[in-house]
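Engineer: Pasting a structure below so you can have a look.
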Amino acid sequence: MLENSTENSISLQDLDKLLYAHDGDMALLYLYYIKNGKIDSENAALTLCRTMAEIAAAEEKLRRMGLVSGESTGVAAPVAAPVFTPAPPAQAPVPVKAVMDAVPQPELPEYTAAEVTARAAEDGIFSGLISECAKVVGHSLSGSDMKMLFRIYDYLSLPPEVIMELLNYCGEIYVEKYGDSRRPSVRAIEKEAFRWAKLEIMSLEQAEEHIRVQRERRSRIGKIKPILGIKDRNLSSSEVKYIDTWIEMGFEDEAIAIAYDRTVTATGSLKWAYMDAIMKNWHNAGFTSAAQIEVNDSPRRSTVQKSAPVQSGGISNSDMEELRSALQKI
C-alpha cells in the first residue's frame, strides 16, 4: 500500500485544479487521499458512499491531472515528486477543512408530500413497502417518514425485495437490543439503507448473505460480552469496534479471555485500550489461540526464565533455597 507522509494541506495550484474540474467525486477522493495518506479503493467507496466504478473513474481523472500517477490497480499511487509541498509565503497552504467546505457535497433529493403521495397511489410496490415499514416501526408513517422511505426506493434504487429484507433486518436488530420496548425509526432504517448502498447490496441473495454474516457476528459478540465481565448493559459503539477488530484478527474466545484476565490483573479493571494493545501484540506475533499464547507468551514461562537461572555448579536458585531449608532442619 503506497502512503503519503506529507502534511494535511493543499497548494493553491492543486486546489485550482480541483475546483475548475467541477467533479465532486474526484475532489472527494483527493481529500480522502490527503486525510488517509493512501487510496484504498474498497475503503474509499465505503467512506465516500460511491461505487467501485465511480472511485475508479475519479482515480483515473486524478492521474490524468497529475495529482496521482501510476497504473490504475485499485490503489492510487502518489506522484514521484512531492505533491503536498508548502506553497510560497504569498500563497500559504489551504487547510483541508476549508477545502471540504468549498467542495460541493452531493445533495440528497427533496421530495414534496404531493409527489410521494401520488407515487404511493399509482405504484403498488411502493404502497406495499409503506405498509411493511409501518409494521416494523409500529405506527403509521408521517409525511417525513414517507419521504425518507421514498428516498430509499427512488434515490438509492434498492430493489423492493432488498428493501423488504432491510426493513425486517432493522426490526430484528432492535428486538435483539431492546426487546419489544423500542422499534426502529424510519431515520434509522434510512441510515442502514445507505450502508447497504455503500456495500452495493442490490440483490436478494446479497441481502440474505449480509444478514447471515451479521447474525453470526452479533452472536459471537454476544458470547464475548460475558467473557469481558459485561452482562447487564449494551455495548457502546466504540466497544463493539474493539471486539469486531479482535474477531477480524482471528482470535479465539479463549485467547480473548486470557487478554482480559491480564488486563484486569495489571490495571484493576477492563481498560479497552490496554487490552487492545495486548491483542495487537499477539496478532503481530502470530498468536491467535490460547494454546499459542500459553506456549509463547505465558507469564509463568517468562517468570521461570527470569527467576531461575542455572548457576555454575548446575544448581538453580530455587534448588539452593530448598537445600538451605533442609539443612536448617537438621
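Each chain in the C-alpha cells gets a letter, A, B, ..., in the order shown, and its residues are numbered from 1; ligands are numbered from 1 in order too.
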Neighbouring residues of Asp297 (chain A) were defined as those with any atom within 12 Å, considering only C-alpha atoms; residues of the same chain fewer than 6 positions away were excluded. Please report them as a PDB file with all heavy atoms, in the first residue's frame.

Structural biologist:
```
ATOM      1  N   ALA A 255      -8.541 -16.991  23.856  1.00  0.00           N
ATOM      2  CA  ALA A 255      -7.442 -16.028  23.795  1.00  0.00           C
ATOM      3  C   ALA A 255      -7.910 -14.664  24.295  1.00  0.00           C
ATOM      4  O   ALA A 255      -7.178 -13.967  25.015  1.00  0.00           O
ATOM      5  CB  ALA A 255      -6.916 -15.920  22.362  1.00  0.00           C
ATOM      6  N   ILE A 258      -7.935 -14.696  28.038  1.00  0.00           N
ATOM      7  CA  ILE A 258      -6.598 -14.536  28.618  1.00  0.00           C
ATOM      8  C   ILE A 258      -6.197 -13.068  28.628  1.00  0.00           C
ATOM      9  O   ILE A 258      -5.658 -12.551  29.610  1.00  0.00           O
ATOM     10  CB  ILE A 258      -5.566 -15.376  27.836  1.00  0.00           C
ATOM     11  CG1 ILE A 258      -5.859 -16.867  28.004  1.00  0.00           C
ATOM     12  CG2 ILE A 258      -4.147 -15.063  28.318  1.00  0.00           C
ATOM     13  CD1 ILE A 258      -4.994 -17.763  27.132  1.00  0.00           C
ATOM     14  N   ALA A 259      -6.460 -12.379  27.513  1.00  0.00           N
ATOM     15  CA  ALA A 259      -6.117 -10.956  27.434  1.00  0.00           C
ATOM     16  C   ALA A 259      -6.900 -10.150  28.467  1.00  0.00           C
ATOM     17  O   ALA A 259      -6.370  -9.218  29.085  1.00  0.00           O
ATOM     18  CB  ALA A 259      -6.399 -10.435  26.023  1.00  0.00           C
ATOM     19  N   ARG A 262      -5.358 -10.721  31.934  1.00  0.00           N
ATOM     20  CA  ARG A 262      -4.110  -9.981  32.117  1.00  0.00           C
ATOM     21  C   ARG A 262      -4.365  -8.482  32.251  1.00  0.00           C
ATOM     22  O   ARG A 262      -3.668  -7.789  32.991  1.00  0.00           O
ATOM     23  CB  ARG A 262      -3.171 -10.258  30.940  1.00  0.00           C
ATOM     24  CG  ARG A 262      -2.725 -11.711  30.864  1.00  0.00           C
ATOM     25  CD  ARG A 262      -1.588 -11.900  29.898  1.00  0.00           C
ATOM     26  NE  ARG A 262      -1.260 -13.320  29.739  1.00  0.00           N
ATOM     27  CZ  ARG A 262      -0.262 -13.776  28.985  1.00  0.00           C
ATOM     28  NH1 ARG A 262       0.497 -12.934  28.329  1.00  0.00           N
ATOM     29  NH2 ARG A 262      -0.045 -15.069  28.885  1.00  0.00           N
ATOM     30  N   ILE A 278      -2.557  -5.449  23.977  1.00  0.00           N
ATOM     31  CA  ILE A 278      -2.173  -6.859  24.140  1.00  0.00           C
ATOM     32  C   ILE A 278      -2.570  -7.653  22.908  1.00  0.00           C
ATOM     33  O   ILE A 278      -1.768  -8.432  22.362  1.00  0.00           O
ATOM     34  CB  ILE A 278      -2.841  -7.457  25.391  1.00  0.00           C
ATOM     35  CG1 ILE A 278      -2.305  -6.797  26.669  1.00  0.00           C
ATOM     36  CG2 ILE A 278      -2.629  -8.971  25.446  1.00  0.00           C
ATOM     37  CD1 ILE A 278      -3.001  -7.268  27.929  1.00  0.00           C
ATOM     38  N   MET A 279      -3.802  -7.465  22.444  1.00  0.00           N
ATOM     39  CA  MET A 279      -4.297  -8.213  21.290  1.00  0.00           C
ATOM     40  C   MET A 279      -3.471  -7.919  20.040  1.00  0.00           C
ATOM     41  O   MET A 279      -3.145  -8.822  19.257  1.00  0.00           O
ATOM     42  CB  MET A 279      -5.768  -7.876  21.034  1.00  0.00           C
ATOM     43  CG  MET A 279      -6.685  -8.071  22.219  1.00  0.00           C
ATOM     44  SD  MET A 279      -6.752  -9.771  22.808  1.00  0.00           S
ATOM     45  CE  MET A 279      -7.884 -10.496  21.634  1.00  0.00           C
ATOM     46  N   ASN A 281      -0.348  -6.914  19.912  1.00  0.00           N
ATOM     47  CA  ASN A 281       0.979  -7.528  20.056  1.00  0.00           C
ATOM     48  C   ASN A 281       0.924  -9.013  19.716  1.00  0.00           C
ATOM     49  O   ASN A 281       1.802  -9.532  19.013  1.00  0.00           O
ATOM     50  CB  ASN A 281       1.506  -7.327  21.476  1.00  0.00           C
ATOM     51  CG  ASN A 281       1.960  -5.908  21.743  1.00  0.00           C
ATOM     52  OD1 ASN A 281       2.300  -5.180  20.808  1.00  0.00           O
ATOM     53  ND2 ASN A 281       1.970  -5.510  22.996  1.00  0.00           N
ATOM     54  N   TRP A 282      -0.087  -9.692  20.213  1.00  0.00           N
ATOM     55  CA  TRP A 282      -0.238 -11.116  19.902  1.00  0.00           C
ATOM     56  C   TRP A 282      -0.479 -11.327  18.410  1.00  0.00           C
ATOM     57  O   TRP A 282       0.087 -12.237  17.803  1.00  0.00           O
ATOM     58  CB  TRP A 282      -1.393 -11.709  20.706  1.00  0.00           C
ATOM     59  CG  TRP A 282      -1.080 -11.904  22.165  1.00  0.00           C
ATOM     60  CD1 TRP A 282       0.140 -11.876  22.753  1.00  0.00           C
ATOM     61  CD2 TRP A 282      -2.022 -12.170  23.209  1.00  0.00           C
ATOM     62  NE1 TRP A 282       0.027 -12.092  24.109  1.00  0.00           N
ATOM     63  CE2 TRP A 282      -1.289 -12.286  24.422  1.00  0.00           C
ATOM     64  CE3 TRP A 282      -3.410 -12.301  23.242  1.00  0.00           C
ATOM     65  CZ2 TRP A 282      -1.898 -12.541  25.639  1.00  0.00           C
ATOM     66  CZ3 TRP A 282      -4.020 -12.554  24.473  1.00  0.00           C
ATOM     67  CH2 TRP A 282      -3.273 -12.674  25.647  1.00  0.00           C
ATOM     68  N   ALA A 285       2.579 -11.008  16.469  1.00  0.00           N
ATOM     69  CA  ALA A 285       3.459 -12.157  16.684  1.00  0.00           C
ATOM     70  C   ALA A 285       2.889 -13.442  16.103  1.00  0.00           C
ATOM     71  O   ALA A 285       3.567 -14.474  16.096  1.00  0.00           O
ATOM     72  CB  ALA A 285       3.721 -12.336  18.184  1.00  0.00           C
ATOM     73  N   GLY A 286       1.644 -13.400  15.632  1.00  0.00           N
ATOM     74  CA  GLY A 286       1.031 -14.592  15.043  1.00  0.00           C
ATOM     75  C   GLY A 286       0.344 -15.495  16.046  1.00  0.00           C
ATOM     76  O   GLY A 286       0.066 -16.652  15.741  1.00  0.00           O
ATOM     77  N   PHE A 287       0.046 -14.959  17.255  1.00  0.00           N
ATOM     78  CA  PHE A 287      -0.620 -15.775  18.274  1.00  0.00           C
ATOM     79  C   PHE A 287      -2.108 -15.408  18.316  1.00  0.00           C
ATOM     80  O   PHE A 287      -2.460 -14.297  18.695  1.00  0.00           O
ATOM     81  CB  PHE A 287      -0.019 -15.524  19.666  1.00  0.00           C
ATOM     82  CG  PHE A 287       1.483 -15.609  19.727  1.00  0.00           C
ATOM     83  CD1 PHE A 287       2.203 -14.826  20.614  1.00  0.00           C
ATOM     84  CD2 PHE A 287       2.175 -16.465  18.882  1.00  0.00           C
ATOM     85  CE1 PHE A 287       3.580 -14.891  20.682  1.00  0.00           C
ATOM     86  CE2 PHE A 287       3.566 -16.541  18.929  1.00  0.00           C
ATOM     87  CZ  PHE A 287       4.268 -15.752  19.835  1.00  0.00           C
ATOM     88  N   THR A 288      -2.972 -16.316  17.943  1.00  0.00           N
ATOM     89  CA  THR A 288      -4.411 -16.048  17.977  1.00  0.00           C
ATOM     90  C   THR A 288      -5.188 -17.078  18.786  1.00  0.00           C
ATOM     91  O   THR A 288      -6.382 -16.905  19.022  1.00  0.00           O
ATOM     92  CB  THR A 288      -4.984 -16.006  16.548  1.00  0.00           C
ATOM     93  OG1 THR A 288      -4.683 -17.231  15.887  1.00  0.00           O
ATOM     94  CG2 THR A 288      -4.392 -14.850  15.752  1.00  0.00           C
ATOM     95  N   SER A 289      -4.534 -18.124  19.219  1.00  0.00           N
ATOM     96  CA  SER A 289      -5.208 -19.162  20.008  1.00  0.00           C
ATOM     97  C   SER A 289      -4.636 -19.187  21.421  1.00  0.00           C
ATOM     98  O   SER A 289      -3.506 -18.740  21.670  1.00  0.00           O
ATOM     99  CB  SER A 289      -5.035 -20.534  19.362  1.00  0.00           C
ATOM    100  OG  SER A 289      -3.692 -20.970  19.459  1.00  0.00           O
ATOM    101  N   ALA A 290      -5.415 -19.733  22.337  1.00  0.00           N
ATOM    102  CA  ALA A 290      -4.952 -19.841  23.722  1.00  0.00           C
ATOM    103  C   ALA A 290      -3.712 -20.723  23.811  1.00  0.00           C
ATOM    104  O   ALA A 290      -2.787 -20.441  24.581  1.00  0.00           O
ATOM    105  CB  ALA A 290      -6.072 -20.405  24.590  1.00  0.00           C
ATOM    106  N   ALA A 291      -3.673 -21.793  23.018  1.00  0.00           N
ATOM    107  CA  ALA A 291      -2.527 -22.700  23.044  1.00  0.00           C
ATOM    108  C   ALA A 291      -1.249 -21.979  22.624  1.00  0.00           C
ATOM    109  O   ALA A 291      -0.192 -22.148  23.250  1.00  0.00           O
ATOM    110  CB  ALA A 291      -2.792 -23.895  22.122  1.00  0.00           C
ATOM    111  N   THR A 303       8.413 -15.876  33.908  1.00  0.00           N
ATOM    112  CA  THR A 303       8.857 -15.739  35.294  1.00  0.00           C
ATOM    113  C   THR A 303       9.922 -16.769  35.626  1.00  0.00           C
ATOM    114  O   THR A 303      10.931 -16.469  36.258  1.00  0.00           O
ATOM    115  CB  THR A 303       7.657 -15.897  36.251  1.00  0.00           C
ATOM    116  OG1 THR A 303       6.698 -14.891  35.961  1.00  0.00           O
ATOM    117  CG2 THR A 303       8.116 -15.773  37.693  1.00  0.00           C
ATOM    118  N   GLN A 305      11.931 -18.189  33.524  1.00  0.00           N
ATOM    119  CA  GLN A 305      13.148 -17.855  32.802  1.00  0.00           C
ATOM    120  C   GLN A 305      13.929 -16.777  33.517  1.00  0.00           C
ATOM    121  O   GLN A 305      15.157 -16.777  33.533  1.00  0.00           O
ATOM    122  CB  GLN A 305      12.795 -17.394  31.385  1.00  0.00           C
ATOM    123  CG  GLN A 305      12.294 -18.530  30.493  1.00  0.00           C
ATOM    124  CD  GLN A 305      11.849 -18.018  29.132  1.00  0.00           C
ATOM    125  OE1 GLN A 305      11.495 -16.858  28.991  1.00  0.00           O
ATOM    126  NE2 GLN A 305      11.865 -18.884  28.150  1.00  0.00           N
TER     127      GLN A 305
END
```

Engineer: Need the shell around Gly222 (chain A): protein/DNA/RNA residues with any atom at most 12 Å away, counting only C-alpha atoms. Skip same-chain ones fewer than 4 positions apart. Format as a list in words?

Structural biologist: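 That gives Glu176, Lys177, Arg215, Glu216, Arg217, Arg218, Pro226, Ile227, Leu228, Gly229, Ile230, Lys231, Asp232, Arg233, Asn234, Leu235, Val240, Ile243, Asp244 and Asp253 of chain A.
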
Engineer: Which residue is closest to Asp40 (chain A)? Choose from A:Ile10, A:Ile130, A:Val137, A:Ile55 and count only C-alpha atoms.

Structural biologist: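 For Asp40 (chain A), the nearest of the candidates is A:Ile55.
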
Engineer: Counting only C-alpha atoms, figure out which residue out of A:Glu252, A:Glu42, A:Glu60, A:Glu200 gets nearest to Arg220 (chain A).

Structural biologist: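 Smallest distance to Arg220 (chain A) is found for A:Glu252.
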
Engineer: Neighbours of region 186-199 of chain A within 8 Å (only C-alpha atoms; same-chain residues fewer than 4 positions away dropped), as a list in words?

Structural biologist: Ala45, Leu46, Cys49, Arg50, Thr51, Cys133, Val137, Asp145, Met148, Leu149, Ile152, Leu156, Leu158, Ile163, Leu166, Leu167 and Cys170 of chain A

Engineer: Using only N, CA and C atoms, please write the residues we just selected to a file, as a PDB file, in the first residue's frame.

Structural biologist:
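Writing done, so here's again-v5.pdb:
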```pdb
ATOM      1  N   ALA A  45     -14.648   3.659  -1.361  1.00  0.00           N
ATOM      2  CA  ALA A  45     -16.025   3.532  -1.822  1.00  0.00           C
ATOM      3  C   ALA A  45     -16.997   3.527  -0.648  1.00  0.00           C
ATOM      4  N   LEU A  46     -16.633   2.823   0.438  1.00  0.00           N
ATOM      5  CA  LEU A  46     -17.488   2.779   1.623  1.00  0.00           C
ATOM      6  C   LEU A  46     -17.544   4.131   2.311  1.00  0.00           C
ATOM      7  N   CYS A  49     -19.330   6.788   0.056  1.00  0.00           N
ATOM      8  CA  CYS A  49     -20.653   6.408  -0.447  1.00  0.00           C
ATOM      9  C   CYS A  49     -20.673   6.452  -1.970  1.00  0.00           C
ATOM     10  N   ARG A  50     -19.685   5.833  -2.574  1.00  0.00           N
ATOM     11  CA  ARG A  50     -19.570   5.751  -4.014  1.00  0.00           C
ATOM     12  C   ARG A  50     -19.387   4.290  -4.420  1.00  0.00           C
ATOM     13  N   THR A  51     -19.701   3.987  -5.657  1.00  0.00           N
ATOM     14  CA  THR A  51     -19.467   2.636  -6.159  1.00  0.00           C
ATOM     15  C   THR A  51     -17.995   2.492  -6.517  1.00  0.00           C
ATOM     16  N   CYS A 133     -43.274  -1.109   6.201  1.00  0.00           N
ATOM     17  CA  CYS A 133     -42.471  -0.226   7.055  1.00  0.00           C
ATOM     18  C   CYS A 133     -43.261   0.185   8.292  1.00  0.00           C
ATOM     19  N   VAL A 137     -41.951  -0.201  12.206  1.00  0.00           N
ATOM     20  CA  VAL A 137     -41.750   0.916  13.137  1.00  0.00           C
ATOM     21  C   VAL A 137     -42.866   1.012  14.166  1.00  0.00           C
ATOM     22  N   ASP A 145     -41.587  10.597   7.228  1.00  0.00           N
ATOM     23  CA  ASP A 145     -41.244   9.172   7.160  1.00  0.00           C
ATOM     24  C   ASP A 145     -41.387   8.655   5.731  1.00  0.00           C
ATOM     25  N   MET A 148     -38.567   9.776   3.512  1.00  0.00           N
ATOM     26  CA  MET A 148     -37.331   9.012   3.714  1.00  0.00           C
ATOM     27  C   MET A 148     -37.426   7.635   3.075  1.00  0.00           C
ATOM     28  N   LEU A 149     -38.567   6.982   3.221  1.00  0.00           N
ATOM     29  CA  LEU A 149     -38.753   5.676   2.606  1.00  0.00           C
ATOM     30  C   LEU A 149     -38.698   5.779   1.084  1.00  0.00           C
ATOM     31  N   ILE A 152     -35.166   5.965  -0.162  1.00  0.00           N
ATOM     32  CA  ILE A 152     -34.555   4.632  -0.269  1.00  0.00           C
ATOM     33  C   ILE A 152     -34.989   3.954  -1.560  1.00  0.00           C
ATOM     34  N   LEU A 156     -31.846   5.774  -3.797  1.00  0.00           N
ATOM     35  CA  LEU A 156     -30.879   4.678  -3.669  1.00  0.00           C
ATOM     36  C   LEU A 156     -31.172   3.552  -4.652  1.00  0.00           C
ATOM     37  N   LEU A 158     -32.744   0.827  -4.322  1.00  0.00           N
ATOM     38  CA  LEU A 158     -32.669  -0.541  -3.834  1.00  0.00           C
ATOM     39  C   LEU A 158     -33.889  -1.307  -4.336  1.00  0.00           C
ATOM     40  N   ILE A 163     -35.338  -4.006  -0.072  1.00  0.00           N
ATOM     41  CA  ILE A 163     -35.895  -3.094   0.944  1.00  0.00           C
ATOM     42  C   ILE A 163     -36.709  -3.875   1.969  1.00  0.00           C
ATOM     43  N   LEU A 166     -34.325  -5.375   4.248  1.00  0.00           N
ATOM     44  CA  LEU A 166     -33.760  -4.305   5.070  1.00  0.00           C
ATOM     45  C   LEU A 166     -34.697  -3.952   6.223  1.00  0.00           C
ATOM     46  N   LEU A 167     -35.967  -3.796   5.923  1.00  0.00           N
ATOM     47  CA  LEU A 167     -36.940  -3.439   6.956  1.00  0.00           C
ATOM     48  C   LEU A 167     -36.996  -4.492   8.057  1.00  0.00           C
ATOM     49  N   CYS A 170     -33.758  -4.472  10.193  1.00  0.00           N
ATOM     50  CA  CYS A 170     -33.715  -3.391  11.184  1.00  0.00           C
ATOM     51  C   CYS A 170     -34.628  -3.710  12.371  1.00  0.00           C
TER      52      CYS A 170
END
```

Engineer: Pick out each residue of region 138-251 of chain A that DSSP on the backbone tags as alpha helix (DSSP H); I need them as a PyMOL selection string.

Structural biologist: chain A and resi 143-150+160-178+186-198+204-227+237-249
